[in-house]
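Q: Sharing entry.tsv (TSV, C-alpha atoms) below.
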chain	number	residue	atom	x	y	z
A	1	MET	CA	33.78	-17.31	138.67
A	2	THR	CA	36.12	-20.16	139.39
A	3	ASP	CA	35.09	-23.48	138.01
A	4	ILE	CA	34.37	-25.81	140.93
A	5	PHE	CA	35.58	-28.65	138.75
A	6	TYR	CA	38.94	-26.97	138.23
A	7	PRO	CA	40.77	-29.48	140.50
A	8	PHE	CA	39.72	-32.31	138.17
A	9	GLN	CA	41.08	-30.45	135.14
A	10	TRP	CA	44.29	-29.82	137.06
A	11	ILE	CA	44.67	-33.54	137.85
A	12	ALA	CA	43.83	-34.49	134.26
A	13	ASP	CA	46.46	-32.02	132.93
A	14	LYS	CA	49.12	-33.22	135.37
A	15	LEU	CA	48.51	-36.87	134.54
A	16	THR	CA	48.32	-36.41	130.77
A	17	TYR	CA	51.17	-34.00	130.17
A	18	GLU	CA	53.54	-34.72	133.04
A	19	LEU	CA	53.06	-38.25	134.33
A	20	PHE	CA	52.32	-39.81	130.93
A	21	GLY	CA	54.45	-37.18	129.17
A	22	ILE	CA	52.11	-36.85	126.17
A	23	ASN	CA	52.70	-33.85	123.93
A	24	PRO	CA	49.70	-31.49	124.47
A	25	GLU	CA	49.56	-30.76	120.73
A	26	THR	CA	48.63	-34.33	119.80
A	27	HIS	CA	45.27	-36.07	119.24
A	28	LEU	CA	46.29	-38.60	121.86
A	29	ALA	CA	46.71	-35.89	124.50
A	30	ALA	CA	43.26	-34.45	123.71
A	31	SER	CA	41.69	-37.91	124.05
A	32	VAL	CA	43.49	-38.94	127.24
A	33	ASN	CA	42.87	-35.59	128.91
A	34	PHE	CA	39.15	-35.75	128.03
A	35	ILE	CA	38.86	-39.27	129.40
A	36	ILE	CA	40.60	-38.58	132.74
A	37	TYR	CA	38.76	-35.31	133.32
A	38	ASP	CA	35.37	-36.79	132.49
A	39	VAL	CA	35.82	-39.91	134.58
A	40	LEU	CA	36.81	-37.91	137.67
A	41	LYS	CA	34.02	-35.40	137.28
A	42	ILE	CA	31.35	-38.00	136.49
A	43	PHE	CA	32.13	-40.25	139.44
A	44	PHE	CA	32.30	-37.27	141.79
A	45	LEU	CA	28.92	-35.90	140.70
A	46	LEU	CA	27.35	-39.36	140.51
A	47	SER	CA	28.21	-40.08	144.12
A	48	VAL	CA	27.07	-36.70	145.44
A	49	MET	CA	23.86	-36.70	143.44
A	50	ILE	CA	22.82	-40.28	144.18
A	51	PHE	CA	23.53	-39.76	147.86
A	52	ALA	CA	21.38	-36.61	148.00
A	53	ILE	CA	18.44	-38.06	146.06
A	54	SER	CA	18.55	-41.42	147.88
A	55	TYR	CA	18.41	-39.49	151.15
A	56	ILE	CA	15.36	-37.47	150.06
A	57	ARG	CA	13.82	-40.69	148.80
A	58	THR	CA	13.71	-42.20	152.27
A	59	TYR	CA	10.89	-39.73	152.91
A	60	ILE	CA	8.90	-40.66	149.81
A	61	THR	CA	7.30	-44.07	149.75
A	62	PRO	CA	4.92	-45.43	147.11
A	63	GLU	CA	2.32	-45.87	149.84
A	64	LYS	CA	2.40	-42.15	150.64
A	65	THR	CA	2.52	-41.17	147.00
A	66	ARG	CA	-0.58	-43.06	146.04
A	67	LYS	CA	-2.45	-41.71	149.03
A	68	VAL	CA	-1.53	-38.14	148.13
A	69	LEU	CA	-2.49	-38.55	144.48
A	70	GLY	CA	-5.56	-40.77	144.91
A	71	GLY	CA	-8.71	-39.37	143.32
A	72	LYS	CA	-7.04	-36.08	142.38
A	73	LYS	CA	-7.62	-34.46	139.01
A	74	GLY	CA	-6.14	-31.33	137.53
A	75	LEU	CA	-2.82	-30.07	136.19
A	76	ARG	CA	-1.52	-29.46	139.70
A	77	TYR	CA	-1.59	-33.18	140.40
A	78	HIS	CA	0.05	-34.00	137.10
A	79	LEU	CA	2.86	-31.69	138.14
A	80	MET	CA	3.03	-33.29	141.57
A	81	ALA	CA	3.13	-36.81	140.08
A	82	SER	CA	5.81	-35.75	137.67
A	83	LEU	CA	7.91	-34.16	140.43
A	84	ILE	CA	7.59	-37.26	142.58
A	85	GLY	CA	8.69	-39.19	139.50
A	86	THR	CA	11.95	-37.25	139.38
A	87	VAL	CA	13.06	-38.50	142.79
A	88	SER	CA	11.53	-41.96	142.60
A	89	PRO	CA	13.64	-44.97	142.00
A	90	PHE	CA	12.99	-46.56	138.73
A	91	CYS	CA	13.59	-50.10	137.92
A	92	SER	CA	11.43	-51.13	135.02
A	93	CYS	CA	10.59	-54.29	136.95
A	94	SER	CA	8.68	-52.16	139.48
A	95	SER	CA	6.64	-50.24	136.94
A	96	VAL	CA	3.78	-52.75	136.85
A	97	PRO	CA	3.24	-53.10	140.61
A	98	LEU	CA	3.49	-49.32	140.92
A	99	PHE	CA	1.01	-48.84	138.12
A	100	ILE	CA	-1.50	-51.22	139.69
A	101	GLY	CA	-0.95	-49.67	143.11
A	102	PHE	CA	-1.67	-46.21	141.77
A	103	VAL	CA	-4.76	-47.25	139.84
A	104	GLU	CA	-6.12	-49.12	142.84
A	105	ALA	CA	-5.74	-46.04	145.04
A	106	GLY	CA	-7.87	-44.12	142.57
A	107	VAL	CA	-5.03	-42.13	141.02
A	108	PRO	CA	-6.37	-41.05	137.61
A	109	LEU	CA	-4.77	-42.78	134.62
A	110	GLY	CA	-3.37	-39.50	133.28
A	111	VAL	CA	-1.76	-38.61	136.61
A	112	THR	CA	-0.28	-42.11	136.81
A	113	PHE	CA	1.22	-41.60	133.36
A	114	SER	CA	2.72	-38.25	134.38
A	115	PHE	CA	4.61	-40.25	136.98
A	116	LEU	CA	5.49	-43.09	134.60
A	117	ILE	CA	6.84	-40.74	131.92
A	118	THR	CA	9.00	-38.52	134.11
A	119	SER	CA	10.30	-41.22	136.42
A	120	PRO	CA	12.70	-42.95	134.00
A	121	LEU	CA	13.41	-39.72	132.09
A	122	VAL	CA	14.72	-37.73	135.04
A	123	ASN	CA	16.75	-39.98	137.28
A	124	GLU	CA	19.60	-38.87	139.48
A	125	ALA	CA	22.30	-40.92	137.80
A	126	ALA	CA	21.52	-39.57	134.32
A	127	VAL	CA	21.27	-36.04	135.72
A	128	ALA	CA	24.67	-36.36	137.43
A	129	VAL	CA	26.38	-37.60	134.27
A	130	LEU	CA	24.67	-34.90	132.19
A	131	TRP	CA	25.78	-32.23	134.59
A	132	ALA	CA	29.35	-33.52	134.60
A	133	THR	CA	29.54	-33.59	130.83
A	134	LEU	CA	27.18	-31.02	129.31
A	135	GLY	CA	27.14	-28.50	132.14
A	136	PHE	CA	24.49	-27.06	134.36
A	137	LYS	CA	22.43	-25.22	131.75
A	138	ALA	CA	21.84	-28.18	129.44
A	139	THR	CA	21.06	-30.35	132.48
A	140	ALA	CA	18.50	-27.86	133.77
A	141	ILE	CA	16.88	-27.78	130.33
A	142	TYR	CA	16.79	-31.57	130.28
A	143	VAL	CA	15.21	-31.83	133.74
A	144	VAL	CA	12.60	-29.14	133.12
A	145	SER	CA	11.73	-30.67	129.73
A	146	GLY	CA	11.40	-34.08	131.37
A	147	ILE	CA	8.92	-32.69	133.89
A	148	VAL	CA	6.95	-30.71	131.30
A	149	LEU	CA	6.83	-33.81	129.10
A	150	GLY	CA	5.43	-35.89	131.95
A	151	VAL	CA	2.82	-33.27	132.86
A	152	PHE	CA	1.76	-32.70	129.27
A	153	GLY	CA	1.85	-36.35	128.17
A	154	GLY	CA	-0.06	-37.53	131.24
A	155	TYR	CA	-2.59	-34.72	130.89
A	156	LEU	CA	-3.24	-35.65	127.27
A	157	ILE	CA	-3.70	-39.32	128.17
A	158	GLY	CA	-6.15	-38.20	130.87
A	159	VAL	CA	-8.13	-36.05	128.43
A	160	LEU	CA	-8.35	-38.87	125.89
A	161	LYS	CA	-10.11	-41.10	128.45
A	162	LEU	CA	-8.18	-44.26	127.76
A	163	GLU	CA	-9.19	-46.21	130.86
A	164	LYS	CA	-10.77	-48.89	128.66
A	165	TYR	CA	-7.33	-49.80	127.34
A	166	VAL	CA	-6.13	-50.92	130.75
A	167	GLU	CA	-6.42	-54.70	131.23
A	168	GLU	CA	-9.52	-55.53	133.29
A	169	PHE	CA	-7.73	-57.62	135.90
A	170	VAL	CA	-5.88	-54.50	137.08
A	171	TYR	CA	-9.11	-53.08	138.49
A	172	LYS	CA	-9.79	-56.28	140.44
A	173	ILE	CA	-6.54	-56.50	142.36
A	174	LYS	CA	-6.69	-55.47	145.99
A	175	VAL	CA	-3.58	-53.89	147.37
A	176	GLY	CA	-2.80	-54.84	150.94
A	177	ASN	CA	-1.27	-52.66	153.61
A	178	THR	CA	2.39	-53.06	154.26
A	179	ALA	CA	3.96	-52.70	157.60
A	180	VAL	CA	7.38	-51.78	156.23
A	181	GLY	CA	7.56	-48.22	157.44
A	182	GLN	CA	10.28	-45.79	156.59
A	183	GLU	CA	8.56	-43.23	158.75
A	184	ASN	CA	10.73	-43.32	161.83
A	185	LEU	CA	14.21	-43.67	160.45
A	186	SER	CA	17.07	-41.85	162.13
A	187	VAL	CA	19.40	-39.58	160.19
A	188	LYS	CA	22.03	-42.27	160.43
A	189	GLU	CA	19.71	-44.91	158.96
A	190	ARG	CA	18.68	-42.60	156.13
A	191	ALA	CA	22.32	-41.80	155.40
A	192	GLY	CA	23.08	-45.52	155.45
A	193	THR	CA	20.34	-46.18	152.91
A	194	ALA	CA	21.63	-43.30	150.78
A	195	PHE	CA	25.17	-44.65	150.93
A	196	GLU	CA	23.96	-48.09	149.85
A	197	GLY	CA	22.19	-46.39	146.95
A	198	VAL	CA	25.48	-44.85	145.84
A	199	LYS	CA	27.27	-48.19	146.06
A	200	GLU	CA	24.53	-49.98	144.19
A	201	ILE	CA	24.11	-47.53	141.31
A	202	VAL	CA	27.79	-46.69	140.85
A	203	GLY	CA	28.53	-50.42	141.00
A	204	LYS	CA	26.07	-50.97	138.19
A	205	VAL	CA	26.85	-48.09	135.84
A	206	TRP	CA	30.60	-47.56	136.16
A	207	ILE	CA	31.43	-49.87	133.28
A	208	TYR	CA	29.06	-48.04	130.91
A	209	VAL	CA	30.51	-44.72	132.01
A	210	ILE	CA	34.08	-45.86	131.33
A	211	ILE	CA	33.17	-47.31	127.93
A	212	GLY	CA	31.17	-44.21	127.01
A	213	VAL	CA	33.88	-41.81	128.10
A	214	SER	CA	36.51	-43.80	126.19
A	215	ILE	CA	34.51	-43.73	122.97
A	216	GLY	CA	33.77	-40.06	123.56
A	217	GLY	CA	37.43	-39.38	124.27
A	218	ILE	CA	38.62	-41.03	121.06
A	219	PHE	CA	36.02	-39.11	119.07
A	220	HIS	CA	36.95	-35.88	120.85
A	221	GLY	CA	40.63	-36.31	120.04
A	222	TYR	CA	40.50	-37.69	116.53
A	223	ALA	CA	37.29	-36.65	114.74
A	224	PRO	CA	37.57	-33.58	112.51
A	225	GLU	CA	36.18	-30.32	113.91
A	226	GLY	CA	32.62	-29.51	112.93
A	227	ILE	CA	32.03	-32.86	111.24
A	228	LEU	CA	28.56	-33.23	112.76
A	229	ALA	CA	27.55	-29.62	112.20
A	230	LYS	CA	28.00	-30.43	108.52
A	231	TYR	CA	25.82	-33.55	108.41
A	232	ALA	CA	23.50	-33.31	111.40
A	233	GLY	CA	23.32	-29.56	111.95
A	234	GLU	CA	20.25	-27.47	112.67
A	235	ASP	CA	19.37	-27.07	108.99
A	236	ASN	CA	19.00	-30.82	108.61
A	237	LEU	CA	15.37	-31.22	109.65
A	238	PHE	CA	15.58	-35.00	109.70
A	239	ALA	CA	18.31	-35.02	112.31
A	240	VAL	CA	15.98	-34.73	115.33
A	241	PRO	CA	13.53	-37.51	114.40
A	242	ILE	CA	16.41	-39.77	113.36
A	243	ALA	CA	18.16	-39.12	116.68
A	244	VAL	CA	14.95	-40.04	118.53
A	245	ILE	CA	14.50	-43.27	116.58
A	246	LEU	CA	18.15	-44.21	117.12
A	247	GLY	CA	17.72	-43.63	120.85
A	248	VAL	CA	14.95	-46.19	121.41
A	249	PRO	CA	17.00	-49.44	121.25
A	250	LEU	CA	19.80	-47.99	123.39
A	251	TYR	CA	17.75	-47.90	126.56
A	252	SER	CA	20.06	-49.42	129.13
A	253	ASN	CA	23.18	-47.55	128.25
A	254	VAL	CA	22.26	-43.94	128.87
A	255	MET	CA	25.18	-43.48	131.28
A	256	GLY	CA	27.50	-44.55	128.52
A	257	MET	CA	25.68	-42.58	125.83
A	258	ILE	CA	25.96	-39.23	127.59
A	259	PRO	CA	29.78	-38.88	127.37
A	260	VAL	CA	29.61	-39.95	123.72
A	261	VAL	CA	26.99	-37.27	123.08
A	262	GLU	CA	29.22	-34.75	124.86
A	263	SER	CA	31.94	-35.39	122.30
A	264	LEU	CA	29.38	-35.22	119.47
A	265	ILE	CA	28.27	-31.79	120.69
A	266	GLY	CA	31.91	-30.76	120.67
A	267	LYS	CA	31.98	-31.59	116.98
A	268	GLY	CA	28.89	-29.58	116.15
A	269	LEU	CA	25.83	-31.69	116.99
A	270	PRO	CA	23.16	-29.16	118.05
A	271	ILE	CA	22.10	-29.26	121.70
A	272	GLY	CA	18.38	-29.78	120.96
A	273	THR	CA	19.11	-32.79	118.79
A	274	SER	CA	21.45	-34.16	121.46
A	275	LEU	CA	18.95	-33.77	124.28
A	276	ALA	CA	16.18	-35.31	122.15
A	277	PHE	CA	18.40	-38.30	121.52
A	278	LEU	CA	19.16	-38.78	125.23
A	279	MET	CA	15.52	-38.35	126.18
A	280	SER	CA	14.48	-41.05	123.77
A	281	VAL	CA	17.17	-43.35	125.15
A	282	THR	CA	15.74	-43.01	128.67
A	283	ALA	CA	12.02	-42.49	128.09
A	284	VAL	CA	11.07	-45.08	125.51
A	285	SER	CA	12.46	-48.55	125.89
A	286	PHE	CA	11.35	-51.87	124.47
A	287	PRO	CA	11.76	-53.87	127.67
A	288	GLU	CA	9.62	-51.41	129.57
A	289	MET	CA	6.93	-51.60	126.91
A	290	ILE	CA	6.98	-55.39	127.09
A	291	ILE	CA	6.54	-55.21	130.86
A	292	LEU	CA	3.75	-52.64	130.60
A	293	LYS	CA	2.04	-54.83	128.02
A	294	LYS	CA	0.98	-57.02	130.96
A	295	VAL	CA	-1.32	-54.28	132.24
A	296	LEU	CA	-1.98	-52.08	129.19
A	297	LYS	CA	-3.59	-52.97	125.90
A	298	LYS	CA	-1.53	-52.33	122.82
A	299	GLU	CA	-3.61	-49.32	121.79
A	300	LEU	CA	-2.66	-47.50	124.97
A	301	ILE	CA	1.00	-48.43	124.64
A	302	ALA	CA	0.98	-47.14	121.06
A	303	ILE	CA	-0.64	-43.86	122.15
A	304	PHE	CA	1.81	-43.53	125.04
A	305	VAL	CA	4.86	-44.09	122.82
A	306	SER	CA	3.53	-41.73	120.12
A	307	ILE	CA	2.84	-38.91	122.56
A	308	VAL	CA	6.24	-39.27	124.21
A	309	ALA	CA	8.13	-39.55	120.93
A	310	ALA	CA	6.29	-36.59	119.37
A	311	SER	CA	6.93	-34.45	122.46
A	312	ILE	CA	10.62	-35.33	122.46
A	313	ILE	CA	10.94	-34.42	118.78
A	314	PHE	CA	9.17	-31.12	119.47
A	315	THR	CA	11.52	-30.44	122.41
A	316	GLY	CA	14.52	-31.15	120.18
A	317	TYR	CA	13.40	-28.64	117.52
A	318	LEU	CA	12.49	-26.09	120.17
A	319	PHE	CA	15.95	-26.07	121.74
A	320	ASN	CA	17.70	-26.14	118.39
A	321	ILE	CA	15.86	-22.89	117.63
A	322	LEU	CA	16.20	-21.33	121.08
A	323	LEU	CA	19.85	-22.11	121.83
B	1	MET	CA	9.71	-70.92	158.34
B	2	LYS	CA	8.55	-69.70	154.95
B	3	ILE	CA	10.45	-66.97	153.14
B	4	GLU	CA	8.89	-65.46	150.05
B	5	ILE	CA	10.83	-63.28	147.65
B	6	LEU	CA	8.54	-60.98	145.73
B	7	GLY	CA	9.67	-59.72	142.38
B	8	THR	CA	9.16	-60.16	138.69
B	9	GLY	CA	12.48	-61.67	137.86
B	10	CYS	CA	14.86	-58.73	137.85
B	11	ALA	CA	18.53	-58.96	138.74
B	12	LYS	CA	17.95	-57.62	142.25
B	13	CYS	CA	15.46	-60.38	143.02
B	14	LYS	CA	18.04	-62.99	142.13
B	15	LYS	CA	20.58	-61.29	144.39
B	16	THR	CA	18.05	-61.26	147.21
B	17	LYS	CA	17.47	-64.98	146.86
B	18	GLU	CA	21.19	-65.72	146.81
B	19	ALA	CA	21.79	-63.57	149.90
B	20	ILE	CA	19.02	-65.31	151.83
B	21	GLU	CA	20.18	-68.79	150.87
B	22	LYS	CA	23.72	-67.90	151.85
B	23	VAL	CA	22.72	-66.68	155.33
B	24	LEU	CA	20.50	-69.73	155.88
B	25	LYS	CA	23.35	-72.04	155.00
B	26	GLU	CA	25.89	-70.20	157.13
B	27	ASN	CA	23.63	-70.31	160.14
B	28	GLY	CA	22.50	-73.87	159.58
B	29	LYS	CA	18.85	-72.81	159.39
B	30	GLU	CA	16.14	-74.48	157.39
B	31	ALA	CA	13.49	-72.51	155.59
B	32	GLU	CA	11.27	-72.84	152.59
B	33	VAL	CA	12.43	-70.18	150.13
B	34	VAL	CA	10.07	-69.41	147.27
B	35	LYS	CA	10.01	-66.79	144.55
B	36	VAL	CA	6.69	-65.06	143.95
B	37	GLU	CA	6.34	-63.55	140.51
B	38	ASP	CA	2.63	-63.04	140.19
B	39	PHE	CA	1.46	-59.44	140.49
B	40	GLU	CA	-1.70	-60.17	142.37
B	41	THR	CA	0.07	-61.88	145.26
B	42	ILE	CA	2.79	-59.22	145.32
B	43	LEU	CA	0.21	-56.43	145.51
B	44	ASN	CA	-1.92	-58.27	148.05
B	45	TYR	CA	1.05	-57.89	150.34
B	46	GLY	CA	0.92	-54.16	149.61
B	47	VAL	CA	4.28	-54.22	147.85
B	48	MET	CA	4.80	-51.85	144.93
B	49	ILE	CA	8.56	-51.72	144.68
B	50	THR	CA	10.39	-54.98	144.22
B	51	PRO	CA	12.32	-56.91	145.36
B	52	ALA	CA	10.56	-57.51	148.64
B	53	VAL	CA	10.95	-60.20	151.28
B	54	VAL	CA	8.08	-61.75	153.22
B	55	VAL	CA	8.84	-63.96	156.21
B	56	ASP	CA	5.92	-66.06	157.46
B	57	GLY	CA	3.43	-63.68	155.93
B	58	GLU	CA	5.04	-60.48	157.18
B	59	VAL	CA	6.65	-58.01	154.76
B	60	LYS	CA	10.16	-57.31	156.03
B	61	ILE	CA	11.67	-55.17	153.32
B	62	ALA	CA	10.58	-53.70	149.98
B	63	GLY	CA	12.46	-51.97	147.21
B	64	LYS	CA	15.96	-53.13	147.92
B	65	VAL	CA	18.22	-56.10	148.38
B	66	PRO	CA	18.46	-56.84	152.10
B	67	ASN	CA	21.90	-56.94	153.68
B	68	GLU	CA	23.08	-60.03	155.51
B	69	GLU	CA	22.60	-58.46	158.91
B	70	ASP	CA	18.89	-57.91	158.21
B	71	ILE	CA	18.48	-61.48	157.01
B	72	ARG	CA	20.23	-62.92	160.05
B	73	GLU	CA	17.76	-61.07	162.26
B	74	TRP	CA	14.76	-62.45	160.36
B	75	VAL	CA	15.86	-66.05	160.41
B	76	ALA	CA	17.11	-66.05	163.98
How would this structure read if it were set down as structure tokens?
A:
Amino acid sequence: MTDIFYPFQWIADKLTYELFGINPETHLAASVNFIIYDVLKIFFLLSVMIFAISYIRTYITPEKTRKVLGGKKGLRYHLMASLIGTVSPFCSCSSVPLFIGFVEAGVPLGVTFSFLITSPLVNEAAVAVLWATLGFKATAIYVVSGIVLGVFGGYLIGVLKLEKYVEEFVYKIKVGNTAVGQENLSVKERAGTAFEGVKEIVGKVWIYVIIGVSIGGIFHGYAPEGILAKYAGEDNLFAVPIAVILGVPLYSNVMGMIPVVESLIGKGLPIGTSLAFLMSVTAVSFPEMIILKKVLKKELIAIFVSIVAASIIFTGYLFNILL
Amino acid sequence: MKIEILGTGCAKCKKTKEAIEKVLKENGKEAEVVKVEDFETILNYGVMITPAVVVDGEVKIAGKVPNEEDIREWVA
């Protein structure tokens, strides 16, 4: 099978070896080639992916979502909430209004959490960058794990009956009806919205991508082979939990972290450990916790973080064993 | 005219406010522009994704920064 990304490799080779005239045998050539190839591939996939998901998103509004999920119990609805989470926009500043909106529509707490867990974990920008750097298989594993995590985590929260740890005022808020409909948009309008999505997200993340790819490129070119296999390999049982803990404070830079992780994998960091690290970067973030603190009591936040962190660690071990 | 910008202080809400003020100034229009950060009011308007813009009590847009064309239409 021909690699569909072959043209990017071709451009990277031409630029590195011919235009810049760098000797292919050198560390510098390895770094420069890695950086050019990654940047091209990442921005290509980012644009395509964000466009596609933003287009689909014009059909999914929070109003519809909460109507569909209102008053529904059972694993099926956890799965549905989690799947909707994968294509929903996530800005942590919207998590509170969404949470209240869901609760008010009678969406069970556990189902709401299935949405809240998967939504930041599986977002189109992270998926695009993952795909560009780690390949399709690792990306598929990441996405499926993100969904399973949301379903399982939300289900557990539902079973534990934690409604009492939601701040009382949440149950008193009445959600009005909005007239902003996205129901009757034309294809052109949807495409326009999708294109704006591309501009907005690429405009926001490009700097992190460039920084991440540059760090990754330097590491790729200059770090000794197998260095990480030696210190953070599969036989080091502490590697996964440490990776998860390290991931928490790095929340906003996942686009930059992914190319760095790509280079770490190249030097022997196991794939399970790598994915666990990236999941913890996206799923558990301090700012989001602080925002959620407005509607959730600290007990519930602690349970939420523990369940998510434990599941991510488990996922990391699982894929270190399986792959 | 009263223009309310709903949002809990994220970067996009700031951009929305700047865009609206710019269009108002360019078109020589006067309007009372206020930021609404309290969840209850935001949700009473039925808005779950911020930023959102409410003009004279009517929700015009939710979940994204409006472009200048949209704003011109609202303030016309």
Q: Kindly give the distance, in Å, that separates CA of Thr16 (chain A) and CA of Asp38 (chain A), rounded to a single decimal.
A: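 Distance reported for this atom pair: 13.1 Å.
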Q: Show me which bits of chain A are within 6 Å of chain B, counting all atoms listed in the file, as a list in words.
A: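 Taking all atoms listed in the file into account, Ser94, Pro97, Leu98, Lys174, Val175, Gly176, Asn177 and Thr178 of chain A sit within 6 Å of chain B.
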Q: Report the distance between CA of Thr133 (chain A) and CA of Val32 (chain A) in Å, rounded to one decimal place.
A: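 Distance between the two atoms: 15.4 Å.
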Q: Neighbouring residues of Ile35 (chain A) were defined as those with any atom within 7 Å, considering all atoms listed in the file; residues of the same chain fewer than 3 positions away were excluded. Please report them as a ChimeraX atom specification.
A: /A:31-32,38-39,213-214,217
Q: Check the smallest atom-to-atom distance from each of A:Lys297, A:Lys267, A:Lys73, A:Lys137 to Glu167 (chain A) using only C-alpha atoms, then report the winner.
A: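 Checking each candidate against Glu167 (chain A), we get A:Lys297 as the closest.
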